[in-house]
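Structure data (mmCIF, C-alpha atoms and all ligand atoms) from structure38.cif:
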```
data_start
loop_
_atom_site.label_atom_id
_atom_site.label_comp_id
_atom_site.auth_asym_id
_atom_site.auth_seq_id
_atom_site.Cartn_x
_atom_site.Cartn_y
_atom_site.Cartn_z
CA MET C 1 10.81 -17.93 -16.45
CA GLU C 2 9.54 -17.04 -12.98
CA LYS C 3 9.44 -13.29 -12.34
CA ALA C 4 12.34 -12.06 -10.22
CA ALA C 5 13.53 -8.90 -8.50
CA ILE C 6 16.90 -7.55 -7.52
CA GLY C 7 17.08 -6.54 -3.85
CA ILE C 8 19.91 -4.31 -2.63
CA ASP C 9 20.76 -3.31 0.93
CA LEU C 10 22.96 -0.23 1.09
CA GLY C 11 25.02 -0.13 4.27
CA GLY C 12 27.80 2.20 5.35
CA THR C 13 30.43 -0.52 4.76
CA ASN C 14 28.94 -3.01 2.32
CA LEU C 15 26.43 -3.18 -0.47
CA LYS C 16 24.56 -6.48 -0.39
CA GLY C 17 22.40 -7.77 -3.23
CA ILE C 18 20.30 -10.78 -4.20
CA ILE C 19 17.96 -11.95 -6.91
CA MET C 20 14.70 -13.23 -5.43
CA ASN C 21 11.19 -14.41 -6.23
CA ASP C 22 7.99 -13.03 -4.72
CA LYS C 23 7.99 -15.74 -2.05
CA GLY C 24 11.16 -14.21 -0.58
CA GLN C 25 13.49 -16.96 -1.83
CA GLY C 26 16.82 -15.40 -2.82
CA ARG C 27 19.89 -16.50 -4.77
CA HIS C 28 23.34 -15.17 -5.80
CA LEU C 29 23.91 -13.24 -2.53
CA THR C 30 26.70 -10.82 -3.48
CA ARG C 31 28.61 -8.14 -1.57
CA VAL C 32 30.69 -5.24 -2.82
CA PRO C 33 32.26 -2.49 -0.69
CA THR C 34 30.16 0.69 -0.43
CA GLU C 35 33.24 2.94 -0.28
CA ALA C 36 31.06 5.60 1.33
CA GLU C 37 34.02 7.89 1.93
CA LYS C 38 34.45 8.37 -1.84
CA GLY C 39 31.11 10.21 -2.09
CA GLY C 40 27.59 9.75 -3.42
CA ALA C 41 28.43 9.43 -7.12
CA HIS C 42 30.93 6.67 -6.34
CA VAL C 43 28.42 4.81 -4.15
CA LEU C 44 25.96 4.91 -7.05
CA GLU C 45 28.69 3.53 -9.37
CA ASN C 46 29.18 0.64 -6.94
CA ILE C 47 25.44 -0.04 -6.95
CA LEU C 48 25.61 -0.33 -10.75
CA VAL C 49 28.58 -2.71 -10.43
CA LEU C 50 26.60 -4.86 -7.99
CA ILE C 51 23.56 -4.98 -10.31
CA GLU C 52 25.83 -5.98 -13.19
CA LYS C 53 27.36 -8.82 -11.14
CA LEU C 54 23.93 -10.11 -10.12
CA ILE C 55 22.62 -10.09 -13.70
CA ALA C 56 25.79 -11.88 -14.88
CA GLN C 57 25.24 -14.64 -12.31
CA GLU C 58 21.58 -14.94 -13.28
CA GLY C 59 22.50 -15.17 -16.97
CA SER C 60 19.63 -12.93 -18.14
CA LYS C 61 17.64 -9.91 -17.06
CA ASP C 62 14.56 -10.54 -19.20
CA HIS C 63 12.50 -11.90 -16.29
CA ILE C 64 13.68 -9.28 -13.76
CA SER C 65 10.92 -6.82 -12.87
CA GLY C 66 13.13 -4.16 -11.33
CA VAL C 67 15.66 -3.17 -8.68
CA GLY C 68 14.70 -2.41 -5.08
CA ILE C 69 17.11 -0.53 -2.83
CA GLY C 70 17.05 -0.01 0.92
CA THR C 71 19.16 3.01 1.89
CA PRO C 72 19.82 5.03 5.03
CA GLY C 73 17.85 8.28 4.96
CA PHE C 74 14.83 9.29 2.90
CA VAL C 75 14.10 8.95 -0.82
CA ASP C 76 11.57 11.10 -2.65
CA ASP C 77 9.09 9.57 -5.12
CA ASP C 78 11.31 10.48 -8.09
CA GLY C 79 14.31 8.61 -6.65
CA THR C 80 16.23 11.56 -5.24
CA VAL C 81 17.88 11.07 -1.84
CA LEU C 82 16.51 13.77 0.45
CA GLY C 83 19.02 13.32 3.25
CA GLY C 84 19.14 11.70 6.66
CA ALA C 85 22.07 9.44 5.75
CA GLU C 86 24.92 10.85 7.83
CA ASN C 87 27.09 7.75 7.27
CA LEU C 88 27.05 8.36 3.48
CA PRO C 89 28.65 11.76 2.74
CA GLY C 90 27.45 13.24 -0.54
CA TRP C 91 24.61 10.73 -0.90
CA LYS C 92 22.02 13.47 -0.35
CA GLY C 93 20.78 14.81 -3.69
CA THR C 94 21.80 11.67 -5.62
CA GLN C 95 19.29 10.58 -8.27
CA ILE C 96 19.13 6.79 -7.99
CA TYR C 97 16.51 5.63 -10.51
CA LYS C 98 17.65 7.22 -13.77
CA PRO C 99 21.16 5.69 -14.05
CA ILE C 100 19.75 2.20 -13.33
CA LEU C 101 17.06 2.62 -16.00
CA GLU C 102 19.58 3.99 -18.52
CA LYS C 103 22.21 1.31 -17.95
CA PHE C 104 20.05 -1.79 -17.52
CA GLY C 105 16.58 -0.83 -18.75
CA LEU C 106 15.30 -1.72 -15.29
CA LYS C 107 13.01 0.38 -13.14
CA ALA C 108 14.17 1.05 -9.61
CA ILE C 109 12.43 1.76 -6.33
CA ALA C 110 14.19 2.87 -3.14
CA ALA C 111 13.15 3.52 0.45
CA ASN C 112 14.62 3.83 3.91
CA ASP C 113 16.52 0.67 4.88
CA VAL C 114 14.65 0.04 8.14
CA THR C 115 11.32 0.67 6.45
CA VAL C 116 12.04 -1.99 3.81
CA ALA C 117 13.19 -4.41 6.52
CA ALA C 118 9.75 -3.93 8.08
CA LEU C 119 8.17 -4.91 4.75
CA ALA C 120 10.31 -8.08 4.66
CA GLU C 121 9.24 -9.01 8.20
CA ALA C 122 5.61 -8.37 7.27
CA LYS C 123 5.75 -10.53 4.14
CA TYR C 124 8.21 -13.28 5.01
CA GLY C 125 8.97 -13.07 8.73
CA ALA C 126 7.32 -12.21 12.04
CA GLY C 127 4.38 -10.41 10.40
CA LYS C 128 3.52 -13.16 7.95
CA GLY C 129 -0.18 -13.98 7.87
CA VAL C 130 -1.46 -10.66 9.27
CA ARG C 131 -2.38 -7.51 7.37
CA ASN C 132 -1.09 -4.74 9.63
CA SER C 133 2.25 -4.65 11.42
CA VAL C 134 4.64 -2.11 12.84
CA CYS C 135 8.38 -2.68 13.29
CA PHE C 136 10.74 -1.08 15.78
CA ALA C 137 14.41 -1.80 14.96
CA LEU C 138 16.46 -1.34 18.12
CA GLY C 139 20.05 -0.71 17.04
CA THR C 140 22.45 2.20 17.57
CA GLY C 141 19.31 4.33 17.13
CA ILE C 142 15.72 3.19 16.64
CA GLY C 143 14.31 2.86 13.15
CA GLY C 144 10.82 1.85 12.20
CA GLY C 145 8.47 0.71 9.50
CA ILE C 146 4.73 0.55 9.03
CA VAL C 147 2.89 -2.00 6.90
CA ILE C 148 -0.82 -1.30 6.37
CA GLU C 149 -3.11 -3.76 4.58
CA ASN C 150 -0.01 -5.70 3.43
CA HIS C 151 1.54 -2.59 1.86
CA LEU C 152 4.50 -0.58 2.99
CA TYR C 153 3.39 2.85 4.17
CA LYS C 154 6.12 5.29 3.14
CA GLY C 155 4.31 8.57 3.75
CA THR C 156 4.88 11.79 1.87
CA HIS C 157 8.54 12.02 0.74
CA GLY C 158 9.28 8.58 2.20
CA MET C 159 9.51 9.88 5.74
CA ALA C 160 6.95 7.68 7.52
CA GLY C 161 8.00 5.23 10.18
CA GLU C 162 10.43 7.39 12.15
CA LEU C 163 9.21 5.70 15.29
CA GLY C 164 12.50 6.24 17.12
CA HIS C 165 11.76 9.94 17.29
CA ILE C 166 8.41 9.63 19.04
CA VAL C 167 8.83 11.82 22.13
CA VAL C 168 8.22 9.78 25.26
CA GLU C 169 9.53 12.18 27.91
CA THR C 170 8.74 15.90 28.06
CA ASN C 171 12.01 17.86 28.30
CA GLY C 172 13.89 14.57 28.18
CA ILE C 173 17.37 13.79 26.85
CA PRO C 174 18.23 15.92 23.77
CA CYS C 175 18.28 14.00 20.48
CA ASN C 176 20.29 14.58 17.29
CA CYS C 177 16.99 15.25 15.48
CA GLY C 178 16.46 18.45 17.48
CA GLN C 179 13.71 17.20 19.79
CA LYS C 180 14.06 16.21 23.43
CA GLY C 181 13.04 12.89 24.95
CA CYS C 182 12.87 10.76 21.78
CA VAL C 183 12.38 7.07 22.56
CA GLU C 184 15.70 6.21 20.86
CA ARG C 185 17.52 8.20 23.57
CA TYR C 186 16.36 5.54 26.06
CA ALA C 187 15.65 2.23 24.34
CA SER C 188 18.27 1.96 21.57
CA ALA C 189 21.58 0.23 22.30
CA THR C 190 23.07 3.69 22.84
CA GLY C 191 20.23 4.69 25.15
CA ILE C 192 20.50 1.49 27.18
CA VAL C 193 24.28 1.92 27.57
CA ASN C 194 23.82 5.53 28.71
CA LEU C 195 21.16 4.48 31.23
CA ALA C 196 23.50 1.78 32.54
CA LYS C 197 26.29 4.33 33.05
CA LYS C 198 23.97 6.84 34.73
CA LEU C 199 22.40 4.36 37.16
CA SER C 200 25.79 2.80 37.94
CA ALA C 201 27.39 6.18 38.62
CA GLU C 202 24.60 6.92 41.14
CA LYS C 203 25.51 3.74 43.04
CA LYS C 204 29.23 4.45 43.07
CA GLY C 205 30.82 3.85 46.46
CA LYS C 206 27.53 2.81 48.13
CA ASP C 207 25.11 0.13 46.90
CA GLU C 208 27.39 -1.31 44.25
CA THR C 209 26.43 -4.54 42.50
CA GLN C 210 28.63 -6.73 40.32
CA PHE C 211 27.12 -4.92 37.33
CA THR C 212 27.78 -1.37 38.60
CA LYS C 213 31.36 -2.34 39.51
CA GLU C 214 31.99 -3.49 35.95
CA VAL C 215 30.26 -0.47 34.42
CA ASN C 216 32.01 2.07 36.66
CA GLY C 217 35.34 0.25 36.24
CA ASN C 218 35.30 0.52 32.45
CA PRO C 219 32.42 2.69 31.18
CA SER C 220 33.63 2.68 27.57
CA ALA C 221 33.32 -1.13 27.38
CA VAL C 222 29.60 -1.20 28.27
CA THR C 223 27.27 -2.68 25.64
CA SER C 224 23.56 -3.45 25.62
CA LYS C 225 24.52 -7.14 25.47
CA MET C 226 26.49 -6.76 28.70
CA VAL C 227 23.46 -5.12 30.36
CA TYR C 228 21.25 -8.04 29.36
CA ASP C 229 23.83 -10.63 30.43
CA PHE C 230 23.46 -9.12 33.92
CA VAL C 231 19.67 -8.99 33.60
CA LYS C 232 19.87 -12.78 33.12
CA LYS C 233 21.84 -12.98 36.38
CA SER C 234 19.09 -10.89 38.09
CA ASP C 235 21.44 -8.01 38.94
CA PRO C 236 19.04 -5.38 40.39
CA VAL C 237 20.63 -2.37 38.66
CA ALA C 238 20.79 -4.06 35.25
CA MET C 239 17.16 -5.11 35.75
CA ASN C 240 16.27 -1.50 36.53
CA VAL C 241 17.93 -0.35 33.26
CA ASN C 242 15.75 -2.87 31.41
CA GLU C 243 12.61 -1.66 33.20
CA ILE C 244 13.26 2.01 32.32
CA ALA C 245 14.23 1.29 28.69
CA CYS C 246 11.19 -0.96 28.15
CA ASP C 247 8.83 1.50 29.87
CA MET C 248 10.03 4.20 27.45
CA LEU C 249 9.68 1.86 24.48
CA ALA C 250 6.19 0.89 25.67
CA ARG C 251 5.15 4.57 25.54
CA ALA C 252 6.11 4.73 21.86
CA VAL C 253 4.47 1.36 21.20
CA GLY C 254 1.28 2.55 22.92
CA ILE C 255 1.13 5.72 20.83
CA THR C 256 1.67 3.66 17.69
CA LEU C 257 -1.04 1.18 18.69
CA ASN C 258 -3.58 3.91 19.36
CA ALA C 259 -2.80 5.48 15.97
CA LEU C 260 -2.71 2.35 13.82
CA SER C 261 -4.20 -0.63 15.71
CA PRO C 262 -1.89 -3.19 14.06
CA ASP C 263 -2.15 -6.97 14.49
CA ARG C 264 1.49 -7.19 15.50
CA VAL C 265 4.32 -5.02 16.78
CA ILE C 266 7.63 -6.54 15.70
CA LEU C 267 10.77 -5.73 17.70
CA GLY C 268 14.07 -6.30 15.89
CA GLY C 269 17.65 -5.04 15.69
CA GLY C 270 20.77 -5.92 17.66
CA VAL C 271 19.28 -5.12 21.08
CA MET C 272 16.71 -7.89 20.55
CA MET C 273 19.46 -10.50 20.90
CA ALA C 274 18.30 -10.20 24.52
CA GLY C 275 15.06 -11.81 23.38
CA GLN C 276 11.98 -12.60 25.41
CA VAL C 277 12.83 -10.48 28.46
CA ILE C 278 12.31 -7.33 26.37
CA ILE C 279 9.06 -8.61 24.87
CA ASP C 280 7.78 -9.46 28.36
CA THR C 281 8.79 -6.13 29.92
CA VAL C 282 7.45 -3.99 27.05
CA SER C 283 4.22 -6.04 27.16
CA LYS C 284 3.96 -5.30 30.90
CA TYR C 285 4.13 -1.52 30.38
CA THR C 286 2.31 -1.03 27.07
CA PRO C 287 -1.25 -1.35 28.51
CA ARG C 288 -0.55 1.82 30.54
CA TYR C 289 -0.17 3.80 27.32
CA CYS C 290 -2.79 2.27 25.07
CA TRP C 291 -6.52 1.88 24.76
CA PRO C 292 -7.32 -1.58 26.25
CA ALA C 293 -9.52 -2.71 23.35
CA ILE C 294 -6.63 -2.16 20.93
CA TRP C 295 -4.01 -3.74 23.20
CA GLU C 296 -6.10 -6.90 23.62
CA ARG C 297 -6.04 -7.42 19.85
CA CYS C 298 -2.33 -6.92 19.27
CA GLU C 299 0.74 -9.01 20.05
CA ILE C 300 4.37 -7.99 20.44
CA VAL C 301 6.82 -10.40 18.79
CA ILE C 302 10.52 -10.74 17.90
CA ALA C 303 11.71 -10.13 14.32
CA GLN C 304 12.72 -13.31 12.49
CA LEU C 305 14.78 -12.42 9.44
CA GLY C 306 17.90 -10.85 10.96
CA GLU C 307 20.35 -9.33 8.50
CA ASP C 308 18.51 -10.73 5.46
CA ALA C 309 15.55 -8.41 6.07
CA GLY C 310 17.22 -5.55 4.15
CA VAL C 311 17.72 -7.32 0.81
CA LEU C 312 14.45 -9.25 1.04
CA GLY C 313 12.44 -6.10 1.79
CA SER C 314 14.10 -4.23 -1.07
CA GLY C 315 13.21 -7.01 -3.49
CA ALA C 316 9.69 -7.21 -2.04
CA MET C 317 9.18 -3.53 -2.90
CA VAL C 318 9.75 -4.36 -6.56
CA PHE C 319 6.92 -6.92 -6.54
CA GLU C 320 4.76 -4.51 -4.59
CA GLU C 321 5.34 -1.34 -6.59
CA LEU C 322 6.95 -2.19 -9.94
CA ALA C 323 6.04 -5.73 -11.01
CA ILE C 324 2.51 -4.83 -12.09
CA ILE C 325 3.58 -2.07 -14.45
CA CYS C 326 6.60 -3.84 -15.92
ZN ZN R 401 14.93 12.32 17.89
#
```
Any chance you could put this one into structure tokens?
Ligand SMILES: [Zn+2]
Amino acid sequence: MEKAAIGIDLGGTNLKGIIMNDKGQGRHLTRVPTEAEKGGAHVLENILVLIEKLIAQEGSKDHISGVGIGTPGFVDDDGTVLGGAENLPGWKGTQIYKPILEKFGLKAIAANDVTVAALAEAKYGAGKGVRNSVCFALGTGIGGGIVIENHLYKGTHGMAGELGHIVVETNGIPCNCGQKGCVERYASATGIVNLAKKLSAEKKGKDETQFTKEVNGNPSAVTSKMVYDFVKKSDPVAMNVNEIACDMLARAVGITLNALSPDRVILGGGVMMAGQVIIDTVSKYTPRYCWPAIWERCEIVIAQLGEDAGVLGSGAMVFEELAIIC
């Protein structure tokens, strides 16, 4: 039987799993609740339940090479969660690999959820066909992932790819990580919403536009989607928010390009629903922050896999890191 992997995406609300082949074709997509509020040991129990359900649907585990898991936070080489998963109380310190090996006889491999999504994009999505790619996932924060010579680069203790915490502004907006001026303070959905509120407040009572009226009228209802709906209508203040956010993102992209010279930079996450306008604006600013010879040989593209990237990347890790030794 064709070799297969189990791919699991651990989210704050749901655990999602599939069985897949090394071409990224999945089957038996299954969800169980994470029940994060019940603590780390319970989340691990639910992962075991999900694996059991997937194996039952498959009918056999003889051809399964291992279990890949994408999780918030960082995972050390021995499968211990090092932290960085604030939405999963008690998950820090959990040993993931041993219980899976003991219960199912399957090896496991885990990594940061955004990092594994970057691997999926590299293998099956927007990075397919090139060797080196870097992903920026623009969501509530900014996550990242680095694929070098077709392999996921996890760094020591699984902490590589924290591209959202590249500092792009000296003494800039304070970040939860302890630094100031991290790119995610400006170009994540949260950052974009905050910029929209700030710029709109400055226009209050004078040069109001339709956009600033809506933002100032109900600041708590502002979303990055709303900002980009007004960018489409050419509202000057919304367009200015886009320019600032993309300039900041371009600084991080430029630093990344100079360090790694990838073939492609892939932009994904909820903010990228806005699409080409972000690609175009980031592409306009990036040459200011990057060596021209590197910029000329790189392209910035939109992620293709959407929500499936998590499970597919987790499964892909099994083929990459476990399949050979199984
Ligand atoms: Zn930060």
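Closest to Gly310 in chain C among C:Gly269, C:Gly181, C:Pro33, C:Pro236 is C:Gly269, based on only C-alpha atoms.
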Proximity of chain C to ligand ZN 401 (chain R): per-residue shortest pair, 7 Å limit, all atoms listed in the file, as a tab-separated table:
```
residue	atom	partner	partner_atom	distance
C:Gly164	CA	R:ZN401	ZN	6.6
C:His165	CA	R:ZN401	ZN	4.0
C:Cys175	CA	R:ZN401	ZN	4.6
C:Asn176	CA	R:ZN401	ZN	5.8
C:Cys177	CA	R:ZN401	ZN	4.3
C:Gly178	CA	R:ZN401	ZN	6.3
C:Gln179	CA	R:ZN401	ZN	5.4
C:Lys180	CA	R:ZN401	ZN	6.8
C:Cys182	CA	R:ZN401	ZN	4.7
C:Glu184	CA	R:ZN401	ZN	6.8
```
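The environment of Ile100 in chain C within 10 Å, counting only C-alpha atoms and disregarding residues fewer than 3 places along the same chain, consists of Leu44, Glu45, Ile47, Leu48, Ile51, Gly66, Val67, Gln95, Ile96, Tyr97, Lys103, Phe104, Gly105, Leu106, Lys107 and Ala108 of chain C.
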Separation of CA of Pro292 in chain C from CA of Arg264 in chain C, in Å and rounded to one decimal: 15.0 Å
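Residue nearest Gly79 in chain C, chosen from C:Val32, C:Leu101, C:Ile166, C:Ile19 and counting all atoms listed in the file: C:Leu101.
Between CA of Lys92 in chain C and CA of Thr80 in chain C there is a distance of 7.8 Å.
The residue that comes closest to Ala5 in chain C, out of C:Ala316, C:His28, C:Glu121, C:Ala41 and on the basis of all atoms listed in the file, is C:Ala316.
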Find the distance between CA of Ser188 in chain C and CA of Leu249 in chain C and write it in Å to one decimal. 9.1 Å
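Near Leu163 in chain C, within 8 Å and counting only C-alpha atoms, sit Phe136, Ile142, Gly143, Gly144, Gly145, Ile166 and Ala252 of chain C, not including residues fewer than 3 positions from it in the same chain.
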Would you please work out which residue, of C:Gly68, C:Gly139, C:Gly73, C:Gly191, is nearest to Ser314 in chain C when using all atoms listed in the file? C:Gly68
Using all atoms listed in the file, the best pick from C:Val277, C:Leu195, C:Ile244, C:Ala259 as closest to Pro219 in chain C would be C:Leu195
Judged by all atoms listed in the file, the minimum distance to Val134 in chain C among C:Ala238, C:Val147, C:Met273, C:Ile300 is found for C:Val147
What's the 8 Å shell around Ala111 in chain C, counting all atoms listed in the file, without same-chain residues fewer than 3 positions away, as a tab-separated table (two decimals) with C-alpha atoms, in the coordinates of the input?
```tsv
chain	number	residue	atom	x	y	z
C	69	ILE	CA	17.11	-0.53	-2.83
C	70	GLY	CA	17.05	-0.01	0.92
C	71	THR	CA	19.16	3.01	1.89
C	74	PHE	CA	14.83	9.29	2.90
C	75	VAL	CA	14.10	8.95	-0.82
C	115	THR	CA	11.32	0.67	6.45
C	116	VAL	CA	12.04	-1.99	3.81
C	154	LYS	CA	6.12	5.29	3.14
C	158	GLY	CA	9.28	8.58	2.20
C	314	SER	CA	14.10	-4.23	-1.07
```
File contents for range 191-221 of chain C with N, CA and C atoms as a compact mmCIF listing (two decimals), in the first residue's frame:
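The result, written out as selection.txt:
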```txt
# COMPACT_ATOMS: atom_id res chain seq x y z
N GLY C 191 -2.60 45.22 13.50
CA GLY C 191 -1.81 46.41 13.20
C GLY C 191 -2.52 47.33 12.22
N ILE C 192 -3.13 46.73 11.20
CA ILE C 192 -3.84 47.51 10.18
C ILE C 192 -5.05 48.22 10.80
N VAL C 193 -5.78 47.50 11.65
CA VAL C 193 -6.94 48.10 12.32
C VAL C 193 -6.50 49.27 13.20
N ASN C 194 -5.41 49.08 13.93
CA ASN C 194 -4.91 50.16 14.80
C ASN C 194 -4.46 51.37 13.99
N LEU C 195 -3.80 51.12 12.87
CA LEU C 195 -3.41 52.23 11.98
C LEU C 195 -4.64 52.98 11.47
N ALA C 196 -5.66 52.21 11.10
CA ALA C 196 -6.90 52.82 10.59
C ALA C 196 -7.52 53.74 11.64
N LYS C 197 -7.53 53.27 12.88
CA LYS C 197 -8.13 54.08 13.96
C LYS C 197 -7.30 55.34 14.20
N LYS C 198 -5.97 55.17 14.20
CA LYS C 198 -5.08 56.31 14.48
C LYS C 198 -5.22 57.38 13.39
N LEU C 199 -5.13 56.96 12.14
CA LEU C 199 -5.21 57.93 11.04
C LEU C 199 -6.60 58.59 10.96
N SER C 200 -7.63 57.81 11.28
CA SER C 200 -9.00 58.36 11.24
C SER C 200 -9.20 59.36 12.36
N ALA C 201 -8.66 59.05 13.54
CA ALA C 201 -8.80 59.97 14.68
C ALA C 201 -8.13 61.31 14.37
N GLU C 202 -7.02 61.27 13.65
CA GLU C 202 -6.32 62.52 13.28
C GLU C 202 -7.14 63.39 12.33
N LYS C 203 -8.06 62.75 11.60
CA LYS C 203 -8.87 63.51 10.62
C LYS C 203 -10.21 63.97 11.22
N LYS C 204 -10.44 63.58 12.44
CA LYS C 204 -11.74 63.83 13.06
C LYS C 204 -12.11 65.32 13.03
N GLY C 205 -13.30 65.60 12.53
CA GLY C 205 -13.80 66.98 12.52
C GLY C 205 -13.18 67.87 11.46
N LYS C 206 -12.17 67.37 10.70
CA LYS C 206 -11.64 68.21 9.60
C LYS C 206 -11.75 67.48 8.26
N ASP C 207 -10.67 66.84 7.81
CA ASP C 207 -10.71 66.24 6.47
C ASP C 207 -11.29 64.83 6.51
N GLU C 208 -12.51 64.70 6.97
CA GLU C 208 -13.09 63.36 7.07
C GLU C 208 -13.38 62.78 5.69
N THR C 209 -13.20 61.49 5.55
CA THR C 209 -13.64 60.78 4.34
C THR C 209 -14.73 59.81 4.78
N GLN C 210 -15.34 59.14 3.82
CA GLN C 210 -16.37 58.14 4.16
C GLN C 210 -15.78 57.09 5.12
N PHE C 211 -14.54 56.72 4.84
CA PHE C 211 -13.84 55.71 5.65
C PHE C 211 -13.63 56.20 7.09
N THR C 212 -13.10 57.42 7.26
CA THR C 212 -12.82 57.91 8.61
C THR C 212 -14.12 58.10 9.39
N LYS C 213 -15.19 58.49 8.68
CA LYS C 213 -16.50 58.63 9.37
C LYS C 213 -16.93 57.28 9.94
N GLU C 214 -16.79 56.24 9.14
CA GLU C 214 -17.20 54.91 9.61
C GLU C 214 -16.30 54.41 10.75
N VAL C 215 -15.00 54.66 10.61
CA VAL C 215 -14.06 54.21 11.64
C VAL C 215 -14.30 54.96 12.95
N ASN C 216 -14.39 56.28 12.84
CA ASN C 216 -14.58 57.10 14.06
C ASN C 216 -15.96 56.85 14.69
N GLY C 217 -16.95 56.52 13.83
CA GLY C 217 -18.31 56.29 14.32
C GLY C 217 -18.42 55.02 15.14
N ASN C 218 -17.64 54.00 14.76
CA ASN C 218 -17.72 52.71 15.47
C ASN C 218 -16.36 52.01 15.43
N PRO C 219 -15.40 52.53 16.21
CA PRO C 219 -14.02 52.00 16.13
C PRO C 219 -13.92 50.50 16.40
N SER C 220 -14.80 49.97 17.27
CA SER C 220 -14.67 48.56 17.63
C SER C 220 -15.10 47.63 16.49
N ALA C 221 -15.77 48.19 15.47
CA ALA C 221 -16.23 47.34 14.36
C ALA C 221 -15.24 47.30 13.20
```
